[in-house]
Amino acid sequence: MTTIYLVRHGQASFGAASYDQLSDLGMQQARVLGAYLPHILQETPYVVAGNMQRHQQTAQLALAESFSHAPIHTLAAWNEFNHQQVFSHYDARFAQPEFLKAQVAKAASPRAYLAQIFNQAIARWTNGDFHHEYDESWPAFKQRVEQAFADLCQHLAQTQPRYAVVFSSGGVIAVLAGKILGLSPEKTFALNWAISNCSFTTLRLVGDEPQLLSLNEHHYLKAHNNNLLTWI
């Protein structure tokens with residue numbers, strides 16, 4: 001019986017020319033996660049990560065604090081969807097990350113404004129009328145993530161490690177939780193919006209059947225420093 005921890009990456013660089021790198025705060029979150037891992041993992045886990053920079057940085061910084069000898073199995077199938085393209089197809093001005101950041105900064109409620117933009121952009125992406133406009137459509141992304149998880153479950157069922165840790169992104173985690181819970185795309189991405197940086201979602205693999213044990217655990221960050229809790 002394997003317990004799987006799906007970890008969202010630390011805070012990335014929102015509004016920068018390259019989002020795909022951890023901020024200073026994101027690096028700190030990853031280190032705090034790494035220091036916490038030995039409290040929940042009693043032996044070295046099987047580790048998987050997407051090949052995005054924010055996934056690799058989070059995995060490397062966290063494991064350096066606890067399981068430094070654990071190899072990281074890197075698979076692009078665990079990568080996030082292209083959120084910048086999803087934003088820009090909703091509003092062409094958002095093709096410039098700096099513009100979106102400026103709009104968010106001047107909003108009366110920045111988080112509420114970004115949530116509104118996110119929800120509308122996702123609604124367009126998941127609408128079947130527009131699938132052909134994206135490099136990776138919503139059905140293709142969902143299929144990719146579900147296949148990556150199925151492949152992982154098959155491997156874990158064969159090798160039976162006690163723990164597995166997957167470093168990925170909020171959209172990936174939301175898709176998997178949504179599949180287990182039978183959620184619609186709308187509710188799946190409402191869940192995605194709630195998943196905090198460096199939180200973990202826990203599944204138990206019984207045979208080859210995953211069971212959801214916990215969702216979006218971030219209490220360890222709040223206990224260390226409440227200012228470490230971020231969602232963007």
# chains A, B, ... in the order shown; residues from 1 in each chain; ligands from 1

call {"tool": "residues_around", "arguments": {"residues": "Glu133 of chain A", "least_positions_apart": "4", "cutoff": "9 Å", "atoms": "only C-alpha atoms", "output": "number ranges by chain"}}
result
A: 89, 125, 137

call {"tool": "residues_around", "arguments": {"residues": "segment 161-165 of chain A", "least_positions_apart": "6", "cutoff": "6 Å", "atoms": "only C-alpha atoms", "output": "NGL selection string"}}
result
:A and (2-5 or 45-47)

call {"tool": "write_last_selection", "arguments": {"atoms": "C-alpha atoms", "output": "PDB file, in the first residue's frame"}}
result
ATOM      1  CA  THR A   2       1.606   3.250  -1.174  1.00  0.00           C
ATOM      2  CA  THR A   3       0.769   6.752   0.026  1.00  0.00           C
ATOM      3  CA  ILE A   4       1.166   9.384  -2.692  1.00  0.00           C
ATOM      4  CA  TYR A   5       1.857  13.029  -1.892  1.00  0.00           C
ATOM      5  CA  PRO A  45      10.098   8.117  -1.013  1.00  0.00           C
ATOM      6  CA  TYR A  46       9.908   7.459  -4.724  1.00  0.00           C
ATOM      7  CA  VAL A  47      10.116  10.963  -6.212  1.00  0.00           C
TER       8      VAL A  47
END

call {"tool": "atom_distance", "arguments": {"atom1": "atom CA of Trp231 of chain A", "atom2": "atom CA of Asn197 of chain A"}}
result
5.5 Å

call {"tool": "residues_around", "arguments": {"residues": "segment 166-181 of chain A", "least_positions_apart": "3", "cutoff": "7 Å", "atoms": "only C-alpha atoms", "output": "MDAnalysis selection string"}}
result
chainID A and resid 5:9 47:50 55 59 78:80 142 145:146 188:189 191:192 195

call {"tool": "closest_atom_pairs", "arguments": {"of": "segment 36-102 of chain A", "to": "segment 209-227 of chain A", "cutoff": "12 Å", "atoms": "only C-alpha atoms", "output": "CSV"}}
result
residue,atom,partner,partner_atom,distance
A:Tyr36,CA,A:Tyr220,CA,7.4
A:Leu37,CA,A:Tyr220,CA,10.1
A:His39,CA,A:Tyr220,CA,10.4
A:Ile40,CA,A:Tyr220,CA,11.0

call {"tool": "closest_residue", "arguments": {"among": "A:Asn82, A:Gln11, A:Thr44, A:Gln116", "to": "Phe67 of chain A", "atoms": "only C-alpha atoms"}}
result
A:Thr44

call {"tool": "residues_around", "arguments": {"residues": "Thr126 of chain A", "least_positions_apart": "5", "cutoff": "10 Å", "atoms": "only C-alpha atoms", "output": "ChimeraX atom specification"}}
result
/A:86,121,131,137-139,185-186

call {"tool": "atom_distance", "arguments": {"atom1": "atom CA of Glu98 of chain A", "atom2": "atom CA of Ser13 of chain A"}}
result
11.0 Å

call {"tool": "closest_residue", "arguments": {"among": "A:Ile232, A:Leu25, A:Leu41, A:Ala92", "to": "Thr58 of chain A", "atoms": "only C-alpha atoms"}}
result
A:Leu25

call {"tool": "closest_residue", "arguments": {"among": "A:Leu152, A:Ala190, A:Leu63, A:Leu229", "to": "Gln120 of chain A", "atoms": "only C-alpha atoms"}}
result
A:Ala190

call {"tool": "atom_distance", "arguments": {"atom1": "atom CA of Ala30 of chain A", "atom2": "atom CA of Thr201 of chain A"}}
result
15.3 Å

call {"tool": "select_by_dssp", "arguments": {"residues": "segment 34-217 of chain A", "states": "strand (DSSP E or B)", "output": "list in words"}}
result
Tyr46, Val47, Val48, Ala49, Ile72, His73, Thr74, Tyr163, Ala164, Val165, Val166, Phe167, Ser168, Phe200, Thr201, Thr202, Leu203, Arg204, Leu205, Val206, Glu209, Pro210, Gln211, Leu212, Leu213, Ser214, Leu215, Asn216 and Glu217 of chain A

call {"tool": "write_last_selection", "arguments": {"atoms": "C-alpha atoms", "output": "mmCIF file, in the first residue's frame"}}
result
data_model
loop_
_atom_site.group_PDB
_atom_site.id
_atom_site.type_symbol
_atom_site.label_atom_id
_atom_site.label_comp_id
_atom_site.auth_asym_id
_atom_site.auth_seq_id
_atom_site.Cartn_x
_atom_site.Cartn_y
_atom_site.Cartn_z
ATOM 1 C CA TYR A 46 9.908 7.459 -4.724
ATOM 2 C CA VAL A 47 10.116 10.963 -6.212
ATOM 3 C CA VAL A 48 8.651 12.265 -9.460
ATOM 4 C CA ALA A 49 8.642 15.820 -10.809
ATOM 5 C CA ILE A 72 14.172 12.655 -8.971
ATOM 6 C CA HIS A 73 12.375 10.953 -11.847
ATOM 7 C CA THR A 74 11.582 13.780 -14.269
ATOM 8 C CA TYR A 163 5.685 6.558 -0.155
ATOM 9 C CA ALA A 164 5.744 8.488 -3.421
ATOM 10 C CA VAL A 165 6.082 12.266 -3.753
ATOM 11 C CA VAL A 166 5.133 14.065 -6.964
ATOM 12 C CA PHE A 167 6.188 17.690 -7.481
ATOM 13 C CA SER A 168 3.833 19.338 -9.953
ATOM 14 C CA PHE A 200 0.268 18.602 -0.557
ATOM 15 C CA THR A 201 -2.685 16.419 -1.443
ATOM 16 C CA THR A 202 -2.555 12.840 -0.226
ATOM 17 C CA LEU A 203 -3.755 9.694 -1.950
ATOM 18 C CA ARG A 204 -3.530 6.092 -0.882
ATOM 19 C CA LEU A 205 -3.025 3.464 -3.534
ATOM 20 C CA VAL A 206 -4.923 0.302 -2.579
ATOM 21 C CA GLU A 209 -7.139 2.066 -7.021
ATOM 22 C CA PRO A 210 -6.409 5.574 -5.650
ATOM 23 C CA GLN A 211 -8.294 6.891 -2.633
ATOM 24 C CA LEU A 212 -8.260 10.571 -1.658
ATOM 25 C CA LEU A 213 -7.058 10.981 1.943
ATOM 26 C CA SER A 214 -6.474 14.726 2.204
ATOM 27 C CA LEU A 215 -6.559 17.840 0.060
ATOM 28 C CA ASN A 216 -4.429 20.998 0.060
ATOM 29 C CA GLU A 217 -2.635 20.446 3.378
#

call {"tool": "residues_around", "arguments": {"residues": "Glu65 of chain A", "least_positions_apart": "3", "cutoff": "7 Å", "atoms": "only C-alpha atoms", "output": "number ranges by chain"}}
result
A: 31, 34-35, 61-62, 68

call {"tool": "write_last_selection", "arguments": {"atoms": "N, CA, C and O atoms", "output": "mmCIF file, in the first residue's frame"}}
result
data_model
loop_
_atom_site.group_PDB
_atom_site.id
_atom_site.type_symbol
_atom_site.label_atom_id
_atom_site.label_comp_id
_atom_site.auth_asym_id
_atom_site.auth_seq_id
_atom_site.Cartn_x
_atom_site.Cartn_y
_atom_site.Cartn_z
ATOM 1 N N ARG A 31 11.998 24.887 1.150
ATOM 2 C CA ARG A 31 12.900 24.445 2.226
ATOM 3 C C ARG A 31 12.117 24.048 3.480
ATOM 4 O O ARG A 31 12.463 23.059 4.149
ATOM 5 N N GLY A 34 10.678 20.728 2.880
ATOM 6 C CA GLY A 34 11.691 19.695 3.018
ATOM 7 C C GLY A 34 11.992 19.350 4.456
ATOM 8 O O GLY A 34 12.175 18.174 4.804
ATOM 9 N N ALA A 35 12.027 20.363 5.309
ATOM 10 C CA ALA A 35 12.273 20.123 6.732
ATOM 11 C C ALA A 35 11.114 19.380 7.382
ATOM 12 O O ALA A 35 11.295 18.664 8.377
ATOM 13 N N LEU A 61 15.173 21.743 -3.707
ATOM 14 C CA LEU A 61 15.324 22.453 -2.443
ATOM 15 C C LEU A 61 14.709 21.667 -1.294
ATOM 16 O O LEU A 61 15.273 21.615 -0.196
ATOM 17 N N ALA A 62 13.560 21.056 -1.520
ATOM 18 C CA ALA A 62 12.907 20.282 -0.463
ATOM 19 C C ALA A 62 13.728 19.047 -0.103
ATOM 20 O O ALA A 62 13.976 18.779 1.083
ATOM 21 N N SER A 68 18.193 13.867 0.621
ATOM 22 C CA SER A 68 19.077 14.381 -0.428
ATOM 23 C C SER A 68 19.562 13.298 -1.380
ATOM 24 O O SER A 68 19.983 13.597 -2.501
#

call {"tool": "decode", "arguments": {"residues": "segment 31-121 of chain A", "atoms": "C-alpha atoms", "output": "PDB file, in the first residue's frame"}}
result
ATOM      1  CA  ARG A  31      12.900  24.445   2.226  1.00  0.00           C
ATOM      2  CA  VAL A  32      10.254  24.484   4.961  1.00  0.00           C
ATOM      3  CA  LEU A  33       8.459  21.652   3.156  1.00  0.00           C
ATOM      4  CA  GLY A  34      11.691  19.695   3.018  1.00  0.00           C
ATOM      5  CA  ALA A  35      12.273  20.123   6.732  1.00  0.00           C
ATOM      6  CA  TYR A  36       8.727  18.884   7.370  1.00  0.00           C
ATOM      7  CA  LEU A  37       8.871  15.791   5.151  1.00  0.00           C
ATOM      8  CA  PRO A  38      10.641  13.538   7.707  1.00  0.00           C
ATOM      9  CA  HIS A  39       7.694  14.101  10.067  1.00  0.00           C
ATOM     10  CA  ILE A  40       5.328  12.404   7.613  1.00  0.00           C
ATOM     11  CA  LEU A  41       7.666  10.079   5.696  1.00  0.00           C
ATOM     12  CA  GLN A  42       9.438   7.381   7.687  1.00  0.00           C
ATOM     13  CA  GLU A  43      11.597   6.248   4.776  1.00  0.00           C
ATOM     14  CA  THR A  44      12.920   7.541   1.477  1.00  0.00           C
ATOM     15  CA  PRO A  45      10.098   8.117  -1.013  1.00  0.00           C
ATOM     16  CA  TYR A  46       9.908   7.459  -4.724  1.00  0.00           C
ATOM     17  CA  VAL A  47      10.116  10.963  -6.212  1.00  0.00           C
ATOM     18  CA  VAL A  48       8.651  12.265  -9.460  1.00  0.00           C
ATOM     19  CA  ALA A  49       8.642  15.820 -10.809  1.00  0.00           C
ATOM     20  CA  GLY A  50       7.560  17.670 -13.906  1.00  0.00           C
ATOM     21  CA  ASN A  51      10.371  19.178 -15.953  1.00  0.00           C
ATOM     22  CA  MET A  52       9.306  22.787 -15.464  1.00  0.00           C
ATOM     23  CA  GLN A  53      11.863  24.866 -13.600  1.00  0.00           C
ATOM     24  CA  ARG A  54       9.506  25.558 -10.695  1.00  0.00           C
ATOM     25  CA  HIS A  55       8.886  21.820 -10.249  1.00  0.00           C
ATOM     26  CA  GLN A  56      12.580  20.972 -10.329  1.00  0.00           C
ATOM     27  CA  GLN A  57      13.570  23.804  -7.991  1.00  0.00           C
ATOM     28  CA  THR A  58      10.903  22.864  -5.462  1.00  0.00           C
ATOM     29  CA  ALA A  59      11.915  19.209  -5.534  1.00  0.00           C
ATOM     30  CA  GLN A  60      15.632  19.933  -5.259  1.00  0.00           C
ATOM     31  CA  LEU A  61      15.324  22.453  -2.443  1.00  0.00           C
ATOM     32  CA  ALA A  62      12.907  20.282  -0.463  1.00  0.00           C
ATOM     33  CA  LEU A  63      14.903  17.079  -0.836  1.00  0.00           C
ATOM     34  CA  ALA A  64      18.141  18.840   0.096  1.00  0.00           C
ATOM     35  CA  GLU A  65      16.598  19.369   3.536  1.00  0.00           C
ATOM     36  CA  SER A  66      15.679  15.747   4.156  1.00  0.00           C
ATOM     37  CA  PHE A  67      16.120  13.018   1.520  1.00  0.00           C
ATOM     38  CA  SER A  68      19.077  14.381  -0.428  1.00  0.00           C
ATOM     39  CA  HIS A  69      19.985  10.953  -1.800  1.00  0.00           C
ATOM     40  CA  ALA A  70      16.557  10.360  -3.362  1.00  0.00           C
ATOM     41  CA  PRO A  71      16.696  10.446  -7.185  1.00  0.00           C
ATOM     42  CA  ILE A  72      14.172  12.655  -8.971  1.00  0.00           C
ATOM     43  CA  HIS A  73      12.375  10.953 -11.847  1.00  0.00           C
ATOM     44  CA  THR A  74      11.582  13.780 -14.269  1.00  0.00           C
ATOM     45  CA  LEU A  75       8.583  13.474 -16.593  1.00  0.00           C
ATOM     46  CA  ALA A  76       7.111  16.249 -18.733  1.00  0.00           C
ATOM     47  CA  ALA A  77       3.711  14.545 -18.452  1.00  0.00           C
ATOM     48  CA  TRP A  78       3.430  16.118 -14.983  1.00  0.00           C
ATOM     49  CA  ASN A  79       3.775  19.660 -16.338  1.00  0.00           C
ATOM     50  CA  GLU A  80       1.126  22.351 -15.895  1.00  0.00           C
ATOM     51  CA  PHE A  81      -1.062  23.587 -18.754  1.00  0.00           C
ATOM     52  CA  ASN A  82       0.086  26.740 -20.548  1.00  0.00           C
ATOM     53  CA  HIS A  83      -1.700  29.258 -18.332  1.00  0.00           C
ATOM     54  CA  GLN A  84      -0.182  32.232 -20.151  1.00  0.00           C
ATOM     55  CA  GLN A  85      -1.691  31.067 -23.430  1.00  0.00           C
ATOM     56  CA  VAL A  86      -5.018  30.449 -21.709  1.00  0.00           C
ATOM     57  CA  PHE A  87      -4.956  34.017 -20.366  1.00  0.00           C
ATOM     58  CA  SER A  88      -3.883  35.559 -23.678  1.00  0.00           C
ATOM     59  CA  HIS A  89      -6.560  33.746 -25.708  1.00  0.00           C
ATOM     60  CA  TYR A  90      -9.135  35.207 -23.355  1.00  0.00           C
ATOM     61  CA  ASP A  91      -7.657  38.721 -23.655  1.00  0.00           C
ATOM     62  CA  ALA A  92      -4.773  39.379 -26.056  1.00  0.00           C
ATOM     63  CA  ARG A  93      -3.349  42.058 -23.754  1.00  0.00           C
ATOM     64  CA  PHE A  94      -2.525  39.341 -21.215  1.00  0.00           C
ATOM     65  CA  ALA A  95       0.093  37.935 -23.590  1.00  0.00           C
ATOM     66  CA  GLN A  96       2.350  40.375 -21.753  1.00  0.00           C
ATOM     67  CA  PRO A  97       2.707  39.065 -18.168  1.00  0.00           C
ATOM     68  CA  GLU A  98       3.650  42.536 -16.954  1.00  0.00           C
ATOM     69  CA  PHE A  99       0.284  43.908 -18.134  1.00  0.00           C
ATOM     70  CA  LEU A 100      -1.695  41.318 -16.189  1.00  0.00           C
ATOM     71  CA  LYS A 101       0.422  41.945 -13.099  1.00  0.00           C
ATOM     72  CA  ALA A 102      -0.190  45.701 -13.374  1.00  0.00           C
ATOM     73  CA  GLN A 103      -3.949  45.168 -13.748  1.00  0.00           C
ATOM     74  CA  VAL A 104      -4.033  42.920 -10.715  1.00  0.00           C
ATOM     75  CA  ALA A 105      -1.965  45.348  -8.642  1.00  0.00           C
ATOM     76  CA  LYS A 106      -4.309  48.262  -9.208  1.00  0.00           C
ATOM     77  CA  ALA A 107      -7.522  46.302  -8.601  1.00  0.00           C
ATOM     78  CA  ALA A 108      -9.474  47.104  -5.419  1.00  0.00           C
ATOM     79  CA  SER A 109      -9.272  43.407  -4.517  1.00  0.00           C
ATOM     80  CA  PRO A 110      -6.313  41.899  -6.413  1.00  0.00           C
ATOM     81  CA  ARG A 111      -7.044  38.267  -5.530  1.00  0.00           C
ATOM     82  CA  ALA A 112     -10.743  38.603  -6.425  1.00  0.00           C
ATOM     83  CA  TYR A 113      -9.856  40.319  -9.724  1.00  0.00           C
ATOM     84  CA  LEU A 114      -7.354  37.617 -10.670  1.00  0.00           C
ATOM     85  CA  ALA A 115      -9.846  34.910  -9.711  1.00  0.00           C
ATOM     86  CA  GLN A 116     -12.415  36.486 -12.017  1.00  0.00           C
ATOM     87  CA  ILE A 117      -9.963  36.623 -14.930  1.00  0.00           C
ATOM     88  CA  PHE A 118      -8.772  33.078 -14.224  1.00  0.00           C
ATOM     89  CA  ASN A 119     -12.305  31.668 -14.122  1.00  0.00           C
ATOM     90  CA  GLN A 120     -13.321  33.364 -17.370  1.00  0.00           C
ATOM     91  CA  ALA A 121     -10.140  32.311 -19.166  1.00  0.00           C
TER      92      ALA A 121
END
